[in-house]
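Chemist: Just so it is clear, I am handing over coords.cif, which has mmCIF, C-alpha atoms.
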data_protein
loop_
_atom_site.label_atom_id
_atom_site.label_comp_id
_atom_site.auth_asym_id
_atom_site.auth_seq_id
_atom_site.Cartn_x
_atom_site.Cartn_y
_atom_site.Cartn_z
CA VAL A 1 87.09 183.28 85.22
CA LEU A 2 84.34 181.50 83.34
CA GLY A 3 83.69 183.14 80.02
CA THR A 4 86.21 184.50 77.54
CA GLY A 5 84.19 187.08 75.67
CA THR A 6 84.83 190.81 75.91
CA MET A 7 83.99 191.00 79.61
CA GLY A 8 85.69 187.74 80.57
CA ALA A 9 88.90 188.66 78.74
CA GLY A 10 88.93 192.09 80.38
CA ILE A 11 88.46 190.58 83.83
CA ILE A 12 91.24 188.05 83.14
CA GLN A 13 93.57 190.84 82.04
CA VAL A 14 92.92 193.05 85.07
CA LEU A 15 93.41 190.16 87.50
CA ALA A 16 96.64 188.99 85.84
CA GLN A 17 98.01 192.55 85.56
CA ASN A 18 97.51 192.90 89.29
CA GLY A 19 99.54 189.81 90.13
CA TYR A 20 96.80 187.19 90.46
CA GLU A 21 97.11 183.70 89.04
CA VAL A 22 94.13 183.34 86.71
CA VAL A 23 92.54 180.30 85.19
CA LEU A 24 90.06 180.82 82.42
CA ARG A 25 87.56 178.25 81.37
CA ALA A 26 85.37 178.11 78.30
CA ARG A 27 83.39 175.22 76.86
CA ARG A 28 85.22 175.22 73.52
CA GLN A 29 88.97 175.39 72.86
CA THR A 30 88.35 178.03 70.20
CA SER A 31 86.84 180.24 72.92
CA VAL A 32 89.79 179.62 75.24
CA ASP A 33 92.16 180.56 72.41
CA LYS A 34 90.10 183.65 71.55
CA GLY A 35 90.09 184.80 75.19
CA LEU A 36 93.87 184.41 75.48
CA ALA A 37 94.37 186.19 72.15
CA THR A 38 92.17 189.09 73.29
CA VAL A 39 94.23 189.54 76.46
CA GLU A 40 97.46 189.43 74.42
CA LYS A 41 96.09 191.96 71.92
CA ASN A 42 95.10 194.31 74.75
CA LEU A 43 98.55 193.99 76.32
CA ASP A 44 100.17 194.67 72.92
CA ARG A 45 98.22 197.96 72.83
CA LEU A 46 99.67 198.86 76.22
CA ILE A 47 103.18 198.08 74.91
CA LYS A 48 102.61 200.41 71.94
CA LYS A 49 101.49 203.13 74.36
CA GLU A 50 104.63 202.42 76.42
CA LYS A 51 102.54 201.61 79.50
CA ILE A 52 104.10 198.14 79.86
CA THR A 53 107.09 196.32 78.38
CA GLU A 54 107.36 193.02 76.50
CA ALA A 55 108.77 191.54 79.73
CA ASP A 56 105.69 192.78 81.62
CA LYS A 57 103.45 191.16 79.01
CA ALA A 58 105.29 187.85 79.30
CA GLU A 59 104.99 187.97 83.09
CA ILE A 60 101.27 188.79 82.93
CA MET A 61 100.53 186.06 80.37
CA GLY A 62 102.53 183.62 82.49
CA ARG A 63 99.89 184.03 85.18
CA VAL A 64 97.03 183.06 82.84
CA HIS A 65 96.10 179.44 82.13
CA GLY A 66 93.16 178.27 80.03
CA SER A 67 91.18 175.08 79.68
CA THR A 68 87.89 173.61 78.52
CA ASP A 69 87.86 171.41 81.63
CA ILE A 70 85.66 172.89 84.38
CA SER A 71 87.81 171.20 87.03
CA ILE A 72 90.53 173.82 86.34
CA VAL A 73 88.67 176.04 88.85
CA LYS A 74 88.39 173.47 91.65
CA ASP A 75 91.12 175.07 93.80
CA ALA A 76 90.15 178.69 93.12
CA ASP A 77 89.39 181.06 95.98
CA LEU A 78 87.11 183.16 93.78
CA ILE A 79 85.30 182.28 90.58
CA ILE A 80 83.94 185.09 88.40
CA GLU A 81 81.37 183.98 85.83
CA ALA A 82 80.52 186.18 82.87
CA THR A 83 77.41 185.09 80.93
CA GLU A 84 73.97 186.71 80.73
CA ASP A 85 71.60 183.72 80.62
CA MET A 86 69.79 182.97 83.89
CA GLU A 87 69.17 179.26 83.27
CA ALA A 88 72.77 178.73 82.15
CA LYS A 89 74.01 180.61 85.22
CA LYS A 90 71.92 178.54 87.62
CA ALA A 91 73.08 175.27 86.07
CA LEU A 92 76.70 176.43 86.14
CA PHE A 93 76.51 177.65 89.75
CA ALA A 94 74.97 174.32 90.84
CA GLU A 95 77.87 172.50 89.11
CA LEU A 96 80.46 174.83 90.66
CA ASP A 97 78.90 174.34 94.09
CA GLN A 98 79.74 170.63 93.88
CA LEU A 99 83.21 171.20 92.43
CA VAL A 100 84.91 174.03 94.30
CA LYS A 101 86.11 174.15 97.89
CA PRO A 102 83.49 175.15 100.49
CA GLU A 103 85.08 178.53 101.25
CA ALA A 104 85.27 179.60 97.60
CA ILE A 105 83.26 182.66 96.58
CA ILE A 106 81.32 182.44 93.32
CA ALA A 107 80.70 185.83 91.71
CA THR A 108 78.69 186.69 88.66
CA ASN A 109 79.33 189.63 86.36
CA THR A 110 75.73 190.69 85.87
CA SER A 111 73.89 193.96 86.19
CA SER A 112 70.34 192.75 85.75
CA LEU A 113 69.85 189.17 86.97
CA SER A 114 68.87 188.28 90.53
CA ILE A 115 71.83 187.31 92.71
CA THR A 116 69.41 185.71 95.18
CA GLU A 117 67.91 183.50 92.46
CA ILE A 118 71.37 182.48 91.22
CA ALA A 119 72.54 181.78 94.78
CA ALA A 120 69.52 179.54 95.40
CA ALA A 121 70.97 177.09 92.85
CA THR A 122 73.83 176.41 95.28
CA GLY A 123 74.29 175.05 98.77
CA ARG A 124 76.36 178.15 99.62
CA PRO A 125 74.11 181.15 98.97
CA ASP A 126 76.16 183.16 101.48
CA LYS A 127 79.18 182.83 99.13
CA VAL A 128 77.41 184.06 95.97
CA ILE A 129 77.69 187.72 94.96
CA GLY A 130 77.43 190.02 91.98
CA MET A 131 80.66 191.61 90.79
CA HIS A 132 79.65 193.69 87.79
CA PHE A 133 82.59 195.15 85.89
CA PHE A 134 82.01 197.87 83.31
CA ASN A 135 83.26 197.71 79.73
CA PRO A 136 86.09 198.06 78.85
CA VAL A 137 87.14 196.37 82.08
CA PRO A 138 90.81 197.51 82.05
CA ALA A 139 89.81 201.18 81.63
CA MET A 140 86.65 201.53 83.69
CA LYS A 141 87.21 202.12 87.41
CA LEU A 142 83.75 201.27 88.72
CA VAL A 143 82.78 197.74 89.86
CA GLU A 144 79.21 197.27 91.06
CA ILE A 145 79.09 194.89 94.03
CA ILE A 146 75.65 193.32 94.41
CA GLN A 147 74.68 191.40 97.53
CA GLY A 148 71.87 188.87 97.26
CA LEU A 149 69.47 188.47 100.17
CA THR A 150 71.64 185.63 101.48
CA THR A 151 75.11 186.96 100.62
CA SER A 152 77.20 187.24 103.79
CA ASP A 153 78.83 190.47 104.89
CA GLU A 154 82.15 188.57 104.90
CA THR A 155 81.73 187.67 101.22
CA LYS A 156 80.86 191.27 100.40
CA ALA A 157 83.89 192.59 102.32
CA THR A 158 86.22 190.13 100.56
CA VAL A 159 84.96 191.13 97.10
CA ILE A 160 85.17 194.85 97.92
CA GLU A 161 88.75 194.35 99.09
CA LEU A 162 89.62 192.52 95.85
CA ALA A 163 88.05 195.27 93.73
CA GLU A 164 90.14 197.86 95.56
CA LYS A 165 93.32 195.78 95.07
CA LEU A 166 92.52 195.77 91.35
CA GLY A 167 92.48 199.58 91.40
CA LYS A 168 88.71 199.69 91.02
CA THR A 169 86.09 201.69 92.89
CA PRO A 170 83.52 199.31 94.33
#
Would you write the structure of this file as structure tokens?
Modeler:
Amino acid sequence: VLGTGTMGAGIIQVLAQNGYEVVLRARRQTSVDKGLATVEKNLDRLIKKEKITEADKAEIMGRVHGSTDISIVKDADLIIEATEDMEAKKALFAELDQLVKPEAIIATNTSSLSITEIAAATGRPDKVIGMHFFNPVPAMKLVEIIQGLTTSDETKATVIELAEKLGKTP
């Protein structure tokens, strides 16, 4: 997950709670620390509500690893990026295209920017898709799946399957 703000932290939490190993990347260590702290704070709320235990929290946090180094995502099967600046997205997607394995899917958590335009910044436009979570991510069931003009049906099916495994309604 690239981005550790409100949306990024929520996405990280939902993935980790559902058994996925998650790496989070932010440009500054303070942002990495803030993202991890947000996930911990949200899990502490669930402990107070008796929805999870301290042991559950430790297990969930054990699946989350943060870094400022973009190469932390190089072996990921799916990257979810969570920023809302088109030029920053295109630059980041072009960088990711060179870094991650060819079969990796690169998703963006956007509701308003063109998936096709973002995908054009890569050499794998068939592997670029929109995966728009709603806020607060842990509570909201809906995930909007947005295919670009070049997004493959296989990529779409994979992302829909993941959303369903996360307990979301794509």
Chemist: Evaluate the PyMOL selection byres ((chain A and resi 80) around 10) here and jot the selected residues down as an MDAnalysis selection string.
Modeler: chainID A and resid 1:3 8 11:12 24 78:79 81:83 105:109 129:132
Chemist: Carefully work through the PyMOL selection byres ((chain A and resi 112-115) around 9) for this structure and note down the residues it includes, as a ChimeraX atom specification.
Modeler: /A:84-86,108,110-111,116-120,128-130,146-151
Chemist: Of the candidates A:Met140, A:Val73, A:Val32, A:Ala37, which shows the shortest atom-to-atom distance to Leu166 in chain A, using only C-alpha atoms?
Modeler: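 Closest residue, counting only C-alpha atoms: A:Met140.
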Chemist: Just so the selection is clear, what residues does the PyMOL selection byres ((chain A and resi 72) around 12) cover here, as a list of chain:residue names?
Modeler: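 So the PyMOL selection byres ((chain A and resi 72) around 12) ends up selecting A:Val1, A:Leu2, A:Val22, A:Val23, A:Leu24, A:Arg25, A:Ala26, A:Arg27, A:Val64, A:His65, A:Gly66, A:Ser67, A:Thr68, A:Asp69, A:Ile70, A:Ser71, A:Val73, A:Lys74, A:Asp75, A:Ala76, A:Ile79, A:Leu96, A:Leu99, A:Val100.
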Chemist: Choose the residue, out of A:Asn18, A:Thr30, A:Ser152, A:Thr4, that has the smallest atom-to-atom separation from Lys165 in chain A; count all atoms listed in the file.
Modeler: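 Residue with the minimum atom-to-atom distance to Lys165 in chain A: A:Asn18.
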Chemist: Figure out the distance between CA of Ala139 in chain A and CA of Gln13 in chain A, please, to one decimal in Å.
Modeler: 11.0 Å
Chemist: Considering all atoms listed in the file, return as a VMD selection string whatever protein or nucleic-acid residues lie within 10 Å of Met61 in chain A, sequence-local ones (same chain, fewer than 4 positions apart) excluded.
Modeler: chain A and resid 12 to 13 16 to 17 21 to 22 36 39 to 40 43 55 to 57 65
Chemist: How would range 104-115 of chain A read, as an mmCIF file, keeping the file's coordinate frame, once all heavy atoms are built in?
Modeler:
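Result saved to part28.cif:
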data_model
loop_
_atom_site.group_PDB
_atom_site.id
_atom_site.type_symbol
_atom_site.label_atom_id
_atom_site.label_comp_id
_atom_site.auth_asym_id
_atom_site.auth_seq_id
_atom_site.Cartn_x
_atom_site.Cartn_y
_atom_site.Cartn_z
ATOM 1 N N ALA A 104 85.152 178.816 98.827
ATOM 2 C CA ALA A 104 85.270 179.600 97.600
ATOM 3 C C ALA A 104 84.050 180.492 97.398
ATOM 4 O O ALA A 104 82.916 180.108 97.664
ATOM 5 C CB ALA A 104 85.427 178.679 96.391
ATOM 6 N N ILE A 105 84.320 181.696 96.919
ATOM 7 C CA ILE A 105 83.260 182.660 96.580
ATOM 8 C C ILE A 105 82.986 182.513 95.079
ATOM 9 O O ILE A 105 83.909 182.415 94.274
ATOM 10 C CB ILE A 105 83.710 184.091 96.904
ATOM 11 C CG1 ILE A 105 83.871 184.257 98.417
ATOM 12 C CG2 ILE A 105 82.726 185.118 96.334
ATOM 13 C CD1 ILE A 105 84.504 185.576 98.839
ATOM 14 N N ILE A 106 81.704 182.509 94.732
ATOM 15 C CA ILE A 106 81.320 182.440 93.320
ATOM 16 C C ILE A 106 80.610 183.748 92.981
ATOM 17 O O ILE A 106 79.545 184.050 93.521
ATOM 18 C CB ILE A 106 80.403 181.235 93.031
ATOM 19 C CG1 ILE A 106 81.000 179.938 93.591
ATOM 20 C CG2 ILE A 106 80.178 181.116 91.518
ATOM 21 C CD1 ILE A 106 80.076 178.735 93.496
ATOM 22 N N ALA A 107 81.243 184.526 92.107
ATOM 23 C CA ALA A 107 80.700 185.830 91.710
ATOM 24 C C ALA A 107 80.186 185.764 90.286
ATOM 25 O O ALA A 107 80.690 184.992 89.470
ATOM 26 C CB ALA A 107 81.786 186.902 91.830
ATOM 27 N N THR A 108 79.219 186.593 90.011
ATOM 28 C CA THR A 108 78.690 186.690 88.660
ATOM 29 C C THR A 108 78.801 188.138 88.190
ATOM 30 O O THR A 108 78.545 189.064 88.952
ATOM 31 C CB THR A 108 77.231 186.193 88.576
ATOM 32 O OG1 THR A 108 76.778 186.318 87.216
ATOM 33 C CG2 THR A 108 76.303 186.929 89.502
ATOM 34 N N ASN A 109 79.207 188.301 86.953
ATOM 35 C CA ASN A 109 79.330 189.630 86.360
ATOM 36 C C ASN A 109 78.010 189.947 85.655
ATOM 37 O O ASN A 109 77.874 189.774 84.460
ATOM 38 C CB ASN A 109 80.489 189.643 85.346
ATOM 39 C CG ASN A 109 80.667 191.004 84.712
ATOM 40 O OD1 ASN A 109 80.849 191.983 85.407
ATOM 41 N ND2 ASN A 109 80.597 191.062 83.396
ATOM 42 N N THR A 110 77.032 190.349 86.437
ATOM 43 C CA THR A 110 75.730 190.690 85.870
ATOM 44 C C THR A 110 75.264 192.010 86.452
ATOM 45 O O THR A 110 75.620 192.361 87.575
ATOM 46 C CB THR A 110 74.673 189.599 86.129
ATOM 47 O OG1 THR A 110 73.479 189.926 85.408
ATOM 48 C CG2 THR A 110 74.353 189.443 87.602
ATOM 49 N N SER A 111 74.452 192.712 85.688
ATOM 50 C CA SER A 111 73.890 193.960 86.190
ATOM 51 C C SER A 111 72.372 193.866 86.305
ATOM 52 O O SER A 111 71.747 194.759 86.848
ATOM 53 C CB SER A 111 74.251 195.113 85.258
ATOM 54 O OG SER A 111 73.710 194.867 83.970
ATOM 55 N N SER A 112 71.801 192.773 85.810
ATOM 56 C CA SER A 112 70.340 192.750 85.750
ATOM 57 C C SER A 112 69.692 191.483 86.293
ATOM 58 O O SER A 112 68.486 191.475 86.507
ATOM 59 C CB SER A 112 69.895 192.957 84.299
ATOM 60 O OG SER A 112 70.414 191.918 83.484
ATOM 61 N N LEU A 113 70.448 190.422 86.509
ATOM 62 C CA LEU A 113 69.850 189.170 86.970
ATOM 63 C C LEU A 113 69.939 189.064 88.490
ATOM 64 O O LEU A 113 70.874 189.556 89.115
ATOM 65 C CB LEU A 113 70.551 187.981 86.305
ATOM 66 C CG LEU A 113 70.461 187.945 84.774
ATOM 67 C CD1 LEU A 113 71.253 186.777 84.214
ATOM 68 C CD2 LEU A 113 69.012 187.892 84.305
ATOM 69 N N SER A 114 68.976 188.385 89.077
ATOM 70 C CA SER A 114 68.870 188.280 90.530
ATOM 71 C C SER A 114 69.980 187.419 91.129
ATOM 72 O O SER A 114 70.086 186.230 90.829
ATOM 73 C CB SER A 114 67.511 187.673 90.904
ATOM 74 O OG SER A 114 67.489 187.296 92.265
ATOM 75 N N ILE A 115 70.774 188.035 91.996
ATOM 76 C CA ILE A 115 71.830 187.310 92.710
ATOM 77 C C ILE A 115 71.194 186.274 93.637
ATOM 78 O O ILE A 115 71.683 185.151 93.755
ATOM 79 C CB ILE A 115 72.724 188.288 93.503
ATOM 80 C CG1 ILE A 115 73.315 189.366 92.589
ATOM 81 C CG2 ILE A 115 73.804 187.531 94.271
ATOM 82 C CD1 ILE A 115 74.079 188.872 91.389
#
